[in-house]
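K.L.:
Pasting upload.txt here (compact mmCIF, C-alpha atoms):
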# COMPACT_ATOMS: atom_id res chain seq x y z
CA MET F 1 296.13 124.75 197.28
CA SER F 2 294.50 122.19 194.97
CA ALA F 3 293.76 119.97 197.98
CA SER F 4 292.06 122.92 199.68
CA VAL F 5 289.93 123.66 196.58
CA SER F 6 289.03 119.98 196.31
CA THR F 7 287.98 119.87 199.99
CA THR F 8 285.84 123.01 199.55
CA SER F 9 284.12 121.63 196.43
CA ASN F 10 283.54 118.32 198.22
CA SER F 11 282.05 120.01 201.29
CA TYR F 12 279.69 122.08 199.08
CA ARG F 13 278.77 119.27 196.70
CA LYS F 14 274.99 119.68 197.09
CA THR F 15 275.08 123.48 196.90
CA ILE F 16 277.15 123.29 193.71
CA THR F 17 274.75 120.70 192.23
CA VAL F 18 271.75 122.93 193.04
CA ALA F 19 273.48 125.99 191.52
CA ILE F 20 274.35 124.07 188.33
CA LEU F 21 270.78 122.73 188.00
CA LEU F 22 269.26 126.18 188.55
CA ALA F 23 271.59 127.64 185.90
CA MET F 24 270.65 124.83 183.49
CA VAL F 25 266.90 125.41 184.02
CA LEU F 26 267.40 129.15 183.49
CA ILE F 27 269.39 128.63 180.28
CA PHE F 28 266.83 126.06 179.07
CA SER F 29 263.93 128.45 179.78
CA LEU F 30 265.44 131.54 178.19
CA THR F 31 266.80 130.00 174.97
CA ASP F 32 265.34 128.29 171.89
CA LEU F 33 266.21 124.96 173.49
CA ARG F 34 262.88 124.97 175.33
CA HIS F 35 260.87 125.42 172.12
CA GLU F 36 262.96 122.85 170.23
CA THR F 37 262.51 120.27 173.00
CA TRP F 38 258.77 120.95 173.10
CA LEU F 39 258.51 120.35 169.33
CA ARG F 40 260.53 117.14 169.59
CA LEU F 41 258.21 115.82 172.31
CA TYR F 42 255.11 116.02 170.09
CA GLU F 43 255.62 112.54 168.62
CA PHE F 44 256.11 111.15 172.14
CA PHE F 45 252.78 112.61 173.29
CA LEU F 46 251.01 111.20 170.21
CA TRP F 47 252.50 107.81 171.10
CA LEU F 48 251.31 108.18 174.73
CA GLU F 49 247.72 108.43 173.50
CA LYS F 50 248.12 105.18 171.57
CA THR F 51 249.43 103.18 174.53
CA PRO F 52 246.96 100.86 176.36
CA PHE F 53 246.71 103.48 179.16
CA GLY F 54 245.90 106.18 176.61
CA ILE F 55 243.28 104.06 174.85
CA ILE F 56 241.61 103.01 178.13
CA GLY F 57 241.69 106.57 179.46
CA LYS F 58 240.14 107.98 176.29
CA THR F 59 237.61 105.21 175.71
CA TRP F 60 236.23 104.56 179.20
CA GLY F 61 235.46 107.77 181.02
CA ALA F 62 234.50 105.83 184.16
CA VAL F 63 237.98 104.25 184.41
CA PHE F 64 239.57 107.68 183.97
CA ALA F 65 237.28 109.10 186.69
CA ILE F 66 238.14 106.29 189.14
CA VAL F 67 241.87 106.72 188.55
CA GLU F 68 241.44 110.49 188.93
CA ALA F 69 239.66 109.91 192.24
CA PHE F 70 242.69 107.95 193.52
CA HIS F 71 244.96 110.69 192.13
CA LEU F 72 243.08 113.36 194.08
CA LEU F 73 242.95 111.25 197.26
CA ALA F 74 246.70 110.68 197.01
CA MET F 75 247.22 114.42 196.47
CA ALA F 76 245.19 115.03 199.62
CA LEU F 77 247.38 112.52 201.49
CA LEU F 78 250.55 114.14 200.15
CA GLY F 79 249.23 117.64 200.88
CA GLY F 80 248.24 116.63 204.39
CA ALA F 81 251.71 115.23 205.07
CA VAL F 82 253.30 118.43 203.74
CA ILE F 83 251.05 120.70 205.83
CA VAL F 84 251.52 118.67 209.02
CA SER F 85 255.34 118.52 208.77
CA ASP F 86 255.81 122.10 207.54
CA ALA F 87 253.38 123.56 210.08
CA ARG F 88 255.29 121.69 212.80
CA LEU F 89 258.59 123.10 211.52
CA LEU F 90 257.07 126.59 211.65
CA GLY F 91 255.71 125.94 215.15
CA TRP F 92 252.09 126.46 214.04
CA LEU F 93 250.67 123.00 214.81
CA PHE F 94 251.31 119.99 217.09
CA VAL F 95 253.92 121.85 219.12
CA ASP F 96 253.37 119.42 222.00
CA VAL F 97 254.52 116.48 219.83
CA PRO F 98 258.27 116.02 219.15
CA ALA F 99 259.10 117.43 215.70
CA ARG F 100 261.26 114.40 214.87
CA GLU F 101 258.30 112.04 215.31
CA ILE F 102 256.03 114.15 213.11
CA LEU F 103 258.67 114.64 210.39
CA ASP F 104 259.50 110.93 210.15
CA ARG F 105 255.89 109.74 210.10
CA ALA F 106 254.74 112.49 207.72
CA HIS F 107 257.58 111.59 205.33
CA LYS F 108 256.36 107.98 205.11
CA VAL F 109 252.84 109.21 204.29
CA PHE F 110 254.31 111.68 201.80
CA VAL F 111 256.23 108.94 199.97
CA ALA F 112 253.12 106.71 199.79
CA GLY F 113 251.06 109.62 198.46
CA LEU F 114 253.73 110.57 195.94
CA ILE F 115 253.96 107.01 194.53
CA VAL F 116 250.19 106.88 193.97
CA VAL F 117 250.13 110.42 192.55
CA LEU F 118 252.87 109.55 190.04
CA ALA F 119 251.36 106.19 189.03
CA THR F 120 247.85 107.58 188.53
CA GLY F 121 249.24 110.76 186.99
CA VAL F 122 251.03 108.84 184.25
CA PHE F 123 247.80 106.96 183.43
CA MET F 124 245.80 110.20 183.29
CA ALA F 125 248.45 111.97 181.21
CA CYS F 126 248.27 109.16 178.62
CA GLY F 127 244.50 109.59 178.33
CA VAL F 128 244.69 113.33 177.67
CA ALA F 129 248.20 113.55 176.14
CA GLY F 130 246.92 115.36 173.04
CA LYS F 131 245.38 118.07 175.23
CA ILE F 132 248.05 118.60 177.88
CA TYR F 133 250.84 118.87 175.31
CA TRP F 134 249.40 122.25 174.29
CA LEU F 135 248.83 123.56 177.82
CA PRO F 136 251.62 125.74 179.27
CA VAL F 137 250.20 125.06 182.75
CA PHE F 138 251.00 121.33 182.34
CA TRP F 139 254.67 122.12 181.68
CA TYR F 140 254.81 124.45 184.65
CA LYS F 141 253.30 121.69 186.77
CA MET F 142 255.97 119.23 185.59
CA LEU F 143 258.71 121.76 186.34
CA VAL F 144 257.41 122.41 189.87
CA LEU F 145 256.76 118.69 190.51
CA ALA F 146 260.31 117.80 189.46
CA THR F 147 261.62 120.63 191.66
CA GLY F 148 259.51 119.37 194.56
CA ILE F 149 260.74 115.78 194.27
CA PHE F 150 264.36 116.93 193.91
CA PHE F 151 263.99 119.32 196.86
CA VAL F 152 262.49 116.67 199.16
CA PHE F 153 264.89 113.81 198.43
CA PHE F 154 268.10 115.70 197.67
CA VAL F 155 267.98 118.52 200.23
CA ARG F 156 265.03 118.61 202.65
CA ARG F 157 265.03 115.04 203.91
CA PRO F 158 268.86 114.68 204.19
CA LEU F 159 268.99 118.00 206.08
CA LEU F 160 266.15 117.12 208.43
CA ARG F 161 267.85 113.80 209.31
CA HIS F 162 270.31 115.89 211.33
CA PRO F 163 269.35 117.06 214.84
CA LEU F 164 267.01 120.04 214.34
CA GLU F 165 268.86 122.05 217.00
CA GLU F 166 271.93 122.06 214.73
CA ILE F 167 270.00 123.66 211.85
CA HIS F 168 269.56 127.43 211.73
CA PRO F 169 265.93 128.31 212.61
CA TRP F 170 265.57 130.54 209.54
CA VAL F 171 266.69 127.69 207.29
CA LEU F 172 264.00 125.48 208.85
CA ARG F 173 261.40 128.21 208.24
CA SER F 174 262.52 128.77 204.65
CA ILE F 175 262.37 125.02 203.98
CA ALA F 176 258.84 124.82 205.37
CA ILE F 177 257.56 127.86 203.47
CA SER F 178 259.11 126.87 200.13
CA SER F 179 257.87 123.29 200.55
CA MET F 180 254.30 124.53 201.05
CA LEU F 181 254.60 126.89 198.06
CA ILE F 182 255.93 124.09 195.83
CA TRP F 183 253.19 121.58 196.67
CA PHE F 184 250.47 124.24 196.61
CA THR F 185 251.58 125.13 193.06
CA VAL F 186 251.63 121.44 192.04
CA ALA F 187 248.06 120.98 193.33
CA ALA F 188 246.74 124.26 191.89
CA THR F 189 248.27 123.77 188.43
CA GLY F 190 246.99 120.18 188.47
CA ARG F 191 243.42 121.32 189.01
CA TRP F 192 243.94 124.04 186.39
CA ILE F 193 244.79 121.35 183.81
CA GLY F 194 241.36 119.85 184.48
CA PHE F 195 239.62 123.10 183.60
CA ALA F 196 241.87 124.27 180.76
CA GLY F 197 241.64 123.63 177.04
CA SER F 198 238.60 121.34 177.13
CA MET N 199 288.90 115.35 208.96
CA SER N 200 287.02 114.10 212.02
CA GLU N 201 283.47 112.75 211.78
CA GLU N 202 282.17 115.77 213.72
CA GLU N 203 283.78 118.22 211.26
CA SER N 204 282.44 116.25 208.31
CA ASN N 205 278.96 116.29 209.84
CA ALA N 206 279.13 120.06 210.41
CA GLY N 207 280.29 120.54 206.81
CA ASP N 208 277.45 118.38 205.56
CA ILE N 209 274.87 120.44 207.46
CA LYS N 210 276.41 123.68 206.16
CA ASP N 211 276.28 122.38 202.59
CA LEU N 212 272.68 121.20 202.93
CA GLN N 213 271.64 124.51 204.53
CA CYS N 214 273.18 126.48 201.64
CA ALA N 215 271.46 124.24 199.09
CA ALA N 216 268.14 124.56 200.96
CA VAL N 217 268.37 128.36 201.04
CA ALA N 218 269.21 128.47 197.31
CA ILE N 219 266.17 126.36 196.42
CA SER N 220 263.92 128.23 198.87
CA VAL N 221 264.82 131.66 197.50
CA THR N 222 264.35 130.47 193.92
CA THR N 223 261.00 128.90 194.82
CA VAL N 224 259.67 132.05 196.50
CA VAL N 225 260.78 134.26 193.57
CA PHE N 226 259.27 131.85 191.02
CA PHE N 227 256.05 131.56 193.04
CA VAL N 228 255.56 135.34 193.31
CA ILE N 229 256.31 136.01 189.62
CA TYR N 230 254.30 133.05 188.28
CA TRP N 231 251.14 133.72 190.28
CA ALA N 232 251.36 137.50 189.79
CA VAL N 233 251.47 136.96 186.01
CA GLN N 234 248.60 134.45 186.11
CA ILE N 235 246.38 136.65 188.30
CA ASN N 236 247.09 139.67 186.10
CA SER N 237 246.23 137.69 182.96
CA VAL N 238 242.89 136.60 184.48
CA ARG N 239 242.19 140.22 185.50
CA GLU N 240 242.86 141.40 181.91
CA LEU N 241 240.61 138.68 180.49
CA LEU N 242 237.80 139.66 182.85
CA GLU N 243 238.25 143.31 181.86
CA LEU N 244 238.03 142.38 178.17
CA ALA N 245 234.93 140.28 178.79
CA TYR N 246 233.01 142.55 181.15
CA GLY N 247 234.66 145.98 180.74
Show the structure stored in the file as structure tokens.

P.N.:
Amino acid sequence: MSASVSTTSNSYRKTITVAILLAMVLIFSLTDLRHETWLRLYEFFLWLEKTPFGIIGKTWGAVFAIVEAFHLLAMALLGGAVIVSDARLLGWLFVDVPAREILDRAHKVFVAGLIVVLATGVFMACGVAGKIYWLPVFWYKMLVLATGIFFVFFVRRPLLRHPLEEIHPWVLRSIAISSMLIWFTVAATGRWIGFAGS
Amino acid sequence: MSEEESNAGDIKDLQCAAVAISVTTVVFFVIYWAVQINSVRELLELAYG
């Protein structure tokens, strides 16, 4: 009996992890824990502004603008990779090219874009830490970005490494649609930060 | 357990996890953007009647 339970929990390891994480996010969002954590992070955001990145970002607008330009270009790269691979999964684009080839190449572009987005994003966040701390949209962006990274590396990519014929077509469609929704929200909330609270 | 069975179990697990995240994402997306669009609509109403 216990061996059977153990085998079941082993075979559904990722599903159980996802369920636990979703429950934790829900509990965190609906309790005082969220507000308490936000208050505790204030000192950290003040410190971010005093780091060399924060000082450079606040003092030299041109440096901030150049880094932001790379951030936006990397977002375009990442977004392009997402659209190409998800549109192929949905059968909307490049149907004459093998899906495996598109998925593998788009993932490499995605990873390169993500690294630049994260590196430039940290720099930019330091420069405007005092502003973004107060913006709910920034926290939503961080939540969706973390979800996106987790989704890609923990579920999407490992699943798509298997032969696509073995995956249920509706699962492939749901992966593609949710992936586009996640990265659209990351991009849209990111631009919103630029227009909010200034 | 043979390698084939383990592989099938792995795919099943990943598919379940993918569906769980996908459903959550779609629900979050609909609620979040509906609330944001409604809040902009209310602000515009307050500003311009």

K.L.:
Quick check: residues of chain F within 6 Å of chain N, all atoms listed in the file, returned as a PyMOL selection string.

P.N.:
chain F and resi 11-12+15+159+174+178

K.L.:
Distance CA of Phe184 (chain F)-CA of Gly121 (chain F), one decimal place?

P.N.:
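Distance reported for this atom pair: 16.6 Å.
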
K.L.:
If we draw a sphere of 12 Å around (254.3, 120.0, 187.1), which residues have at least one atom in it when counting all atoms listed in the file? Please report them as a PyMOL selection string.

P.N.:
chain F and resi 117-118+121-122+125+132+135-149+182-193

K.L.:
Quick one: residues within 6 Å of region 32-49 of chain F, all atoms listed in the file counted, chain neighbours fewer than 5 positions away excluded, as a list in words?

P.N.:
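Within the cut-off, the hits are Gly54, Cys126, Gly127 and Ala129 of chain F.
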
K.L.:
When you draw a straight line from CA of Ser29 (chain F) to CA of Val116 (chain F), how long is it in Å?

P.N.:
29.2 Å

K.L.:
Please measure the separation of CA of Ala23 (chain F) and CA of Phe153 (chain F), giving the value in Å to one decimal.

P.N.:
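Going from CA of Ala23 (chain F) over to CA of Phe153 (chain F), I get 19.8 Å.
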
K.L.:
Using only C-alpha atoms, collect all residues at a distance of at most 12 Å from (238.6, 108.8, 185.0) as written in the file, then present them as a ChimeraX atom specification.

P.N.:
/F:53-54,56-72,120-121,123-128,194

K.L.:
Include C-alpha atoms and write out the residues we just selected as a PDB file, in the frame of the given file.

P.N.:
ATOM      1  CA  PHE F  53     246.710 103.480 179.160  1.00  0.00           C
ATOM      2  CA  GLY F  54     245.900 106.180 176.610  1.00  0.00           C
ATOM      3  CA  ILE F  56     241.610 103.010 178.130  1.00  0.00           C
ATOM      4  CA  GLY F  57     241.690 106.570 179.460  1.00  0.00           C
ATOM      5  CA  LYS F  58     240.140 107.980 176.290  1.00  0.00           C
ATOM      6  CA  THR F  59     237.610 105.210 175.710  1.00  0.00           C
ATOM      7  CA  TRP F  60     236.230 104.560 179.200  1.00  0.00           C
ATOM      8  CA  GLY F  61     235.460 107.770 181.020  1.00  0.00           C
ATOM      9  CA  ALA F  62     234.500 105.830 184.160  1.00  0.00           C
ATOM     10  CA  VAL F  63     237.980 104.250 184.410  1.00  0.00           C
ATOM     11  CA  PHE F  64     239.570 107.680 183.970  1.00  0.00           C
ATOM     12  CA  ALA F  65     237.280 109.100 186.690  1.00  0.00           C
ATOM     13  CA  ILE F  66     238.140 106.290 189.140  1.00  0.00           C
ATOM     14  CA  VAL F  67     241.870 106.720 188.550  1.00  0.00           C
ATOM     15  CA  GLU F  68     241.440 110.490 188.930  1.00  0.00           C
ATOM     16  CA  ALA F  69     239.660 109.910 192.240  1.00  0.00           C
ATOM     17  CA  PHE F  70     242.690 107.950 193.520  1.00  0.00           C
ATOM     18  CA  HIS F  71     244.960 110.690 192.130  1.00  0.00           C
ATOM     19  CA  LEU F  72     243.080 113.360 194.080  1.00  0.00           C
ATOM     20  CA  THR F 120     247.850 107.580 188.530  1.00  0.00           C
ATOM     21  CA  GLY F 121     249.240 110.760 186.990  1.00  0.00           C
ATOM     22  CA  PHE F 123     247.800 106.960 183.430  1.00  0.00           C
ATOM     23  CA  MET F 124     245.800 110.200 183.290  1.00  0.00           C
ATOM     24  CA  ALA F 125     248.450 111.970 181.210  1.00  0.00           C
ATOM     25  CA  CYS F 126     248.270 109.160 178.620  1.00  0.00           C
ATOM     26  CA  GLY F 127     244.500 109.590 178.330  1.00  0.00           C
ATOM     27  CA  VAL F 128     244.690 113.330 177.670  1.00  0.00           C
ATOM     28  CA  GLY F 194     241.360 119.850 184.480  1.00  0.00           C
TER      29      GLY F 194
END

K.L.:
Generate a file for region 220-245 of chain N, containing C-alpha atoms, as a compact mmCIF listing (two decimals), in the first residue's frame.

P.N.:
# COMPACT_ATOMS: atom_id res chain seq x y z
CA SER N 220 -2.41 27.00 -17.82
CA VAL N 221 -5.82 27.10 -16.14
CA THR N 222 -4.48 29.27 -13.32
CA THR N 223 -2.83 31.61 -15.83
CA VAL N 224 -5.99 32.05 -17.91
CA VAL N 225 -8.13 32.69 -14.80
CA PHE N 226 -5.58 35.18 -13.42
CA PHE N 227 -5.25 36.90 -16.80
CA VAL N 228 -9.02 37.36 -17.23
CA ILE N 229 -9.57 38.64 -13.67
CA TYR N 230 -6.50 40.91 -13.59
CA TRP N 231 -7.13 42.63 -16.92
CA ALA N 232 -10.90 42.88 -16.33
CA VAL N 233 -10.23 44.68 -13.03
CA GLN N 234 -7.62 46.98 -14.63
CA ILE N 235 -9.82 47.87 -17.62
CA ASN N 236 -12.78 48.53 -15.32
CA SER N 237 -10.66 50.77 -13.09
CA VAL N 238 -9.51 52.81 -16.12
CA ARG N 239 -13.14 53.06 -17.31
CA GLU N 240 -14.21 54.38 -13.87
CA LEU N 241 -11.36 56.91 -13.84
CA LEU N 242 -12.33 58.16 -17.29
CA GLU N 243 -15.95 58.46 -16.16
CA LEU N 244 -14.88 60.48 -13.12
CA ALA N 245 -12.70 62.72 -15.26
